Amino acid sequence: MTNAEVEAIVGGYHGDPFRILGPHLVRPGRSKGGWQVRAFLPQAESAELVVGETIQPMEKLHPLGLFCVPLDTDPGAYRIRAK
């Protein structure tokens, strides 16, 4: 995910937002490797990823509401809880 893609998401003009948002396998070298779940929540001050009984805080990558959380494995079914 590049800075230009982030700006396009928060600016509302990305042509394929789900190429960036949602769960994604991240190749080693671009990040730590593993998985990331990304969400654009413009009204949220914070967000958490809920997978079963596990809750993980999401990092706010952009002040306009782009959140991300790194994971070791595919999250499968998940929910996002926003405040």
# chains A, B, ... in the order shown; residues from 1 in each chain; ligands from 1
call {"tool": "residues_around", "arguments": {"residues": "A:Ser46", "least_positions_apart": "5", "cutoff": "9 Å", "atoms": "only C-alpha atoms", "output": "PyMOL selection string"}}
result
chain A and resi 41+57-60+65+67+81-83
call {"tool": "write_last_selection", "arguments": {"atoms": "C-alpha atoms", "output": "tab-separated table (two decimals), in the first residue's frame"}}
result
chain	number	residue	atom	x	y	z
A	41	LEU	CA	-13.65	4.42	8.99
A	57	PRO	CA	-6.55	-2.75	18.45
A	58	MET	CA	-6.13	-1.33	14.96
A	59	GLU	CA	-3.53	1.34	14.28
A	60	LYS	CA	-4.82	4.61	12.80
A	65	GLY	CA	-9.69	7.26	9.31
A	67	PHE	CA	-6.93	1.78	10.15
A	81	ARG	CA	-15.66	-2.50	16.38
A	82	ALA	CA	-15.28	1.28	16.03
A	83	LYS	CA	-15.60	4.10	18.53
call {"tool": "residues_around", "arguments": {"residues": "A:Arg79", "least_positions_apart": "5", "cutoff": "10 Å", "atoms": "only C-alpha atoms", "output": "list in words"}}
result
Glu48, Leu49, Val50, Val51, Gly52 and Ile55 of chain A
call {"tool": "select_by_dssp", "arguments": {"residues": "chain A", "states": "strand (DSSP E or B)", "output": "PyMOL selection string"}}
result
chain A and resi 22-26+28+31+34-40+47-51+54-57+59-62+66-71+79-82
call {"tool": "atom_distance", "arguments": {"atom1": "atom CA of A:Tyr78", "atom2": "atom CA of A:Val6"}}
result
22.4 Å
call {"tool": "closest_residue", "arguments": {"among": "A:Arg27, A:Gly22, A:Gly34, A:Ala8", "to": "A:Leu71", "atoms": "only C-alpha atoms"}}
result
A:Gly34
call {"tool": "select_by_dssp", "arguments": {"residues": "chain A", "states": "alpha helix (DSSP H)", "output": "list in words"}}
result
Asn3, Ala4, Glu5, Val6, Glu7, Ala8, Ile9, Val10 and Gly11 of chain A
call {"tool": "residues_around", "arguments": {"residues": "A:Arg38", "least_positions_apart": "2", "cutoff": "9 Å", "atoms": "only C-alpha atoms", "output": "ChimeraX atom specification"}}
result
/A:20-24,36,40,58,66-70
call {"tool": "atom_distance", "arguments": {"atom1": "atom CA of A:Pro17", "atom2": "atom CA of A:Glu5"}}
result
8.7 Å
call {"tool": "closest_residue", "arguments": {"among": "A:Pro75, A:Trp35, A:Val26, A:Glu7", "to": "A:Pro63", "atoms": "only C-alpha atoms"}}
result
A:Glu7
call {"tool": "atom_distance", "arguments": {"atom1": "atom CA of A:His14", "atom2": "atom CA of A:Gln56"}}
result
27.0 Å
call {"tool": "closest_residue", "arguments": {"among": "A:Ala39, A:Val10, A:Ala77, A:Leu25", "to": "A:Leu64", "atoms": "only C-alpha atoms"}}
result
A:Val10
